[in-house]
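Dumped run-v1.cif below, it's mmCIF, C-alpha atoms:
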data_entry
loop_
_atom_site.label_atom_id
_atom_site.label_comp_id
_atom_site.auth_asym_id
_atom_site.auth_seq_id
_atom_site.Cartn_x
_atom_site.Cartn_y
_atom_site.Cartn_z
CA MET A 1 109.82 133.90 97.95
CA ARG A 2 112.15 133.61 94.95
CA TYR A 3 109.71 135.47 92.75
CA LEU A 4 110.38 138.57 94.89
CA HIS A 5 114.16 138.64 94.24
CA LEU A 6 113.81 140.93 91.24
CA LEU A 7 111.58 143.26 93.23
CA TYR A 8 114.11 143.31 96.11
CA LEU A 9 116.90 144.10 93.65
CA ILE A 10 114.94 147.02 92.20
CA PHE A 11 114.17 148.42 95.67
CA VAL A 12 117.82 148.09 96.76
CA LEU A 13 119.00 149.88 93.62
CA ILE A 14 116.46 152.68 94.03
CA SER A 15 117.24 153.01 97.75
CA GLY A 16 120.98 153.05 97.06
CA GLY A 17 120.52 155.73 94.42
CA LEU A 18 118.44 157.89 96.74
CA ILE A 19 120.87 157.47 99.66
CA GLY A 20 123.78 158.31 97.38
CA ARG A 21 122.08 161.32 95.87
CA HIS A 22 120.63 162.86 99.05
CA ASN A 23 122.88 161.72 101.90
CA LEU A 24 126.29 160.57 100.70
CA ARG A 25 126.73 162.82 97.65
CA THR A 26 130.39 163.31 96.69
CA HIS A 27 131.85 162.85 100.18
CA ILE A 28 134.11 159.78 100.06
CA PHE A 29 134.22 159.59 103.87
CA ARG A 30 130.41 159.28 104.03
CA TRP A 31 130.46 156.47 101.44
CA LEU A 32 133.11 154.59 103.43
CA LEU A 33 131.32 155.20 106.72
CA PHE A 34 128.14 153.76 105.20
CA PHE A 35 129.43 150.82 103.13
CA VAL A 36 132.36 149.41 105.14
CA PRO A 37 130.29 148.54 108.24
CA LEU A 38 127.43 147.32 106.01
CA SER A 39 129.83 145.05 104.11
CA LEU A 40 131.39 143.70 107.31
CA VAL A 41 128.00 142.89 108.81
CA MET A 42 126.88 141.16 105.62
CA PHE A 43 130.12 139.13 105.48
CA TYR A 44 129.74 138.08 109.14
CA VAL A 45 126.11 137.02 108.69
CA GLN A 46 126.95 135.02 105.55
CA ARG A 47 129.79 133.19 107.34
CA GLN A 48 127.51 132.38 110.29
CA THR A 49 124.69 131.18 108.03
CA PHE A 50 126.87 128.95 105.81
CA PRO A 51 129.97 128.07 107.86
CA ALA A 52 130.98 124.95 105.88
CA SER A 53 130.95 126.61 102.46
CA PRO A 54 133.56 128.92 100.95
CA HIS A 55 132.72 132.61 100.89
CA LEU A 56 133.07 132.61 97.11
CA GLU A 57 132.16 129.51 95.12
CA LEU A 58 133.88 130.07 91.81
CA PRO A 59 133.31 127.87 88.75
CA GLY A 60 135.99 125.24 88.25
CA THR A 61 137.17 125.25 91.87
CA ALA A 62 136.91 122.03 93.85
CA SER A 63 134.63 122.03 96.85
CA HIS A 64 135.85 120.71 100.18
CA ASN A 65 132.33 120.23 101.48
CA PRO A 66 131.69 116.45 101.83
CA TRP A 67 128.03 116.90 100.92
CA ILE A 68 128.82 118.68 97.65
CA GLU A 69 131.54 116.12 96.88
CA ALA A 70 129.04 113.27 97.35
CA PHE A 71 126.40 115.00 95.24
CA ALA A 72 128.97 115.54 92.46
CA TRP A 73 129.98 111.86 92.58
CA ILE A 74 126.31 110.87 92.31
CA ARG A 75 125.80 113.13 89.28
CA GLN A 76 128.84 111.64 87.53
CA ASN A 77 128.57 107.97 88.53
CA THR A 78 124.93 106.93 88.86
CA PRO A 79 122.33 106.39 86.14
CA PRO A 80 120.19 109.48 85.42
CA ASP A 81 117.02 107.59 86.36
CA SER A 82 118.34 106.64 89.83
CA TYR A 83 116.01 107.29 92.74
CA PHE A 84 117.57 108.30 96.06
CA ALA A 85 116.66 108.48 99.71
CA LEU A 86 118.47 110.77 102.13
CA ASP A 87 117.98 111.79 105.72
CA PRO A 88 114.71 113.76 105.51
CA TYR A 89 116.43 116.52 107.52
CA TYR A 90 119.68 116.41 105.49
CA MET A 91 119.59 120.11 104.63
CA GLU A 92 119.76 120.98 108.33
CA ARG A 93 122.69 118.64 109.06
CA PRO A 94 125.93 120.31 110.20
CA GLY A 95 128.11 121.17 107.23
CA GLU A 96 125.42 120.66 104.59
CA ASP A 97 124.68 124.41 104.36
CA PHE A 98 121.31 123.95 102.61
CA HIS A 99 122.70 122.67 99.30
CA SER A 100 119.92 121.00 97.36
CA PHE A 101 120.49 117.34 96.48
CA ARG A 102 118.19 117.43 93.45
CA ALA A 103 119.86 120.52 91.99
CA LEU A 104 123.47 119.43 92.51
CA ALA A 105 123.18 115.66 91.97
CA GLU A 106 120.61 116.03 89.19
CA ARG A 107 118.78 112.96 90.51
CA SER A 108 115.34 112.35 92.00
CA ALA A 109 114.87 111.75 95.72
CA LEU A 110 112.14 110.99 98.21
CA ALA A 111 110.50 114.01 99.81
CA ASP A 112 112.25 115.71 102.71
CA TYR A 113 110.96 117.56 105.77
CA VAL A 114 112.83 120.81 105.13
CA LYS A 115 111.87 122.23 101.73
CA ASP A 116 109.27 119.87 100.26
CA PRO A 117 106.44 120.97 102.58
CA SER A 118 106.53 124.31 100.77
CA VAL A 119 105.84 122.46 97.52
CA ALA A 120 102.68 121.02 99.08
CA THR A 121 101.46 124.51 99.95
CA GLN A 122 101.84 125.59 96.32
CA VAL A 123 100.52 122.37 94.73
CA PRO A 124 98.08 120.83 97.25
CA ARG A 125 97.36 117.73 95.15
CA LEU A 126 100.97 116.61 95.82
CA ALA A 127 100.60 116.85 99.60
CA HIS A 128 99.34 113.29 100.15
CA GLY A 129 102.23 111.70 98.22
CA LEU A 130 104.82 113.88 99.94
CA LEU A 131 103.36 113.06 103.34
CA GLU A 132 103.47 109.35 102.51
CA GLU A 133 107.16 109.60 101.57
CA VAL A 134 108.26 111.58 104.63
CA THR A 135 106.25 109.33 106.93
CA ALA A 136 108.00 106.27 105.47
CA GLN A 137 111.35 107.83 106.44
CA GLU A 138 110.55 108.35 110.14
CA GLY A 139 113.40 107.08 112.30
CA TRP A 140 115.91 107.50 109.44
CA ARG A 141 118.97 107.66 111.69
CA HIS A 142 118.19 104.17 112.99
CA PHE A 143 117.44 102.56 109.61
CA GLN A 144 118.96 99.17 108.82
CA ALA A 145 119.26 97.28 105.52
CA ALA A 146 115.69 95.94 105.89
CA ASP A 147 114.33 99.50 106.16
CA PHE A 148 116.07 100.48 102.93
CA GLN A 149 114.65 97.37 101.24
CA ARG A 150 111.19 98.51 102.37
CA LEU A 151 111.78 101.90 100.71
CA LYS A 152 112.89 100.11 97.55
CA ARG A 153 109.76 97.94 97.44
CA ARG A 154 107.38 100.76 98.28
CA PHE A 155 108.85 103.68 96.30
CA GLY A 156 111.49 102.24 93.97
CA VAL A 157 114.46 103.76 95.83
CA ASP A 158 117.65 102.18 94.50
CA TRP A 159 120.30 104.39 96.18
CA VAL A 160 120.72 106.00 99.61
CA VAL A 161 123.03 108.68 100.98
CA LEU A 162 124.05 107.85 104.55
CA GLU A 163 126.10 109.42 107.28
CA GLY A 164 128.34 106.96 109.10
CA ASN A 165 128.39 103.19 108.69
CA ALA A 166 126.21 101.21 106.32
CA ALA A 167 126.30 97.60 107.48
CA GLY A 168 125.21 95.08 104.88
CA ILE A 169 124.89 97.56 102.01
CA ASP A 170 127.12 98.00 98.94
CA CYS A 171 128.58 101.53 99.09
CA PRO A 172 130.70 102.35 96.02
CA TYR A 173 131.46 105.87 97.29
CA HIS A 174 132.41 107.29 100.66
CA ASN A 175 134.18 110.34 102.01
CA GLU A 176 134.97 111.42 105.59
CA LEU A 177 131.27 111.96 106.34
CA LEU A 178 128.98 110.28 103.81
CA ARG A 179 128.42 107.01 101.99
CA VAL A 180 126.50 106.56 98.74
CA CYS A 181 125.03 103.06 98.78
CA ARG A 182 123.18 100.93 96.26
CA ILE A 183 120.08 99.07 97.40
CA GLU A 184 120.14 95.64 95.76
#
So, in terms of structure tokens, how does the structure I just supplied come out?
Amino acid sequence: MRYLHLLYLIFVLISGGLIGRHNLRTHIFRWLLFFVPLSLVMFYVQRQTFPASPHLELPGTASHNPWIEAFAWIRQNTPPDSYFALDPYYMERPGEDFHSFRALAERSALADYVKDPSVATQVPRLAHGLLEEVTAQEGWRHFQAADFQRLKRRFGVDWVVLEGNAAGIDCPYHNELLRVCRIE
């Protein structure tokens, strides 16, 4: 739906202009009565939708979200051609707030169950490969070192992002929630 953002913006601007011209006019009280509740509702909905992220993410400010911290470490400390595997439902995990691994870490990853199915609807020839990758990750939360080795042999995965412990795997990075581990 991203291609509709510009259209939404145009409609909001036109609607705002018409409301201002015909309903609110030069009455400050009407403007306040209209925009203060609207702003409060929008703020509340945004906080409920993304509770683990700051309301304003300004450039140069450090994030306190463990997911974003891990993605930043990956971007700065792993080779650009690294291939990652993450929980196929990672975007829905508490505190992740739908931040995209590929966009923030600037690394490739196996397909996930949350956003990659939409890619298959737009480019059907990719559907089989995406299905193969997500099927190989079934039972992710119970994966052991041997399962990660299987992903390495089958798809070339050389790094994983894990929640919790990672027995038998070299993990050069960890924070209070995540571990970034190398598959040898």
(request) Would you kindly return, as a PyMOL selection string, each protein, DNA or RNA residue with an atom no farther than 8 Å from any atom of Asp81 of chain A, considering all atoms listed in the file and excluding same-chain residues fewer than 2 positions away? (result) chain A and resi 79+83+107-108
(request) Find, counting all atoms listed in the file, the residue in A:Phe43, A:Phe148, A:Trp159, A:Tyr113 that gets nearest to Thr135 of chain A. (result)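 Nearest candidate to Thr135 of chain A out of A:Phe43, A:Phe148, A:Trp159, A:Tyr113: A:Tyr113.
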Picked residues, the PyMOL selection byres ((chain A and resi 101) around 10), expected as an mmCIF file with C-alpha atoms, in the coordinates of the input:
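File result14.cif, as written:
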data_model
loop_
_atom_site.group_PDB
_atom_site.id
_atom_site.type_symbol
_atom_site.label_atom_id
_atom_site.label_comp_id
_atom_site.auth_asym_id
_atom_site.auth_seq_id
_atom_site.Cartn_x
_atom_site.Cartn_y
_atom_site.Cartn_z
ATOM 1 C CA TRP A 67 128.030 116.900 100.920
ATOM 2 C CA ILE A 68 128.820 118.680 97.650
ATOM 3 C CA ALA A 70 129.040 113.270 97.350
ATOM 4 C CA PHE A 71 126.400 115.000 95.240
ATOM 5 C CA ALA A 72 128.970 115.540 92.460
ATOM 6 C CA ILE A 74 126.310 110.870 92.310
ATOM 7 C CA ARG A 75 125.800 113.130 89.280
ATOM 8 C CA PHE A 84 117.570 108.300 96.060
ATOM 9 C CA LEU A 86 118.470 110.770 102.130
ATOM 10 C CA TYR A 90 119.680 116.410 105.490
ATOM 11 C CA MET A 91 119.590 120.110 104.630
ATOM 12 C CA PHE A 98 121.310 123.950 102.610
ATOM 13 C CA HIS A 99 122.700 122.670 99.300
ATOM 14 C CA SER A 100 119.920 121.000 97.360
ATOM 15 C CA ARG A 102 118.190 117.430 93.450
ATOM 16 C CA ALA A 103 119.860 120.520 91.990
ATOM 17 C CA LEU A 104 123.470 119.430 92.510
ATOM 18 C CA ALA A 105 123.180 115.660 91.970
ATOM 19 C CA GLU A 106 120.610 116.030 89.190
ATOM 20 C CA ARG A 107 118.780 112.960 90.510
ATOM 21 C CA SER A 108 115.340 112.350 92.000
ATOM 22 C CA ALA A 109 114.870 111.750 95.720
#
(request) Calculate how many Å separate atom CA of Arg182 of chain A from atom CA of Asp158 of chain A, rounding to one decimal. (result) 5.9 Å
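Evaluated on this file, the PyMOL selection byres ((chain A and resi 143) around 12) matches Ala85, Leu86, Asp87, Ala136, Gln137, Glu138, Gly139, Trp140, Arg141, His142, Gln144, Ala145, Ala146, Asp147, Phe148, Gln149, Arg150, Leu151, Val160, Val161, Leu162, Glu163, Gly164, Asn165, Ala166, Ala167, Gly168 and Ile169 of chain A.
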(request) Compare A:Leu24, A:Val36, A:Val12, A:Leu177 by their minimum atom-to-atom distance to Pro94 of chain A, counting all atoms listed in the file, and give me the closest one. (result) A:Leu177
(request) Could you tell me how far atom CA of Val45 of chain A lies from atom CA of Pro117 of chain A, in Å and to one decimal? (result)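 Those two atoms sit 26.1 Å apart.
Among A:Leu110, A:Leu7, A:Trp73, A:Arg154, the residue with the shortest atom-to-atom distance to Pro88 of chain A, counting only C-alpha atoms, is A:Leu110.
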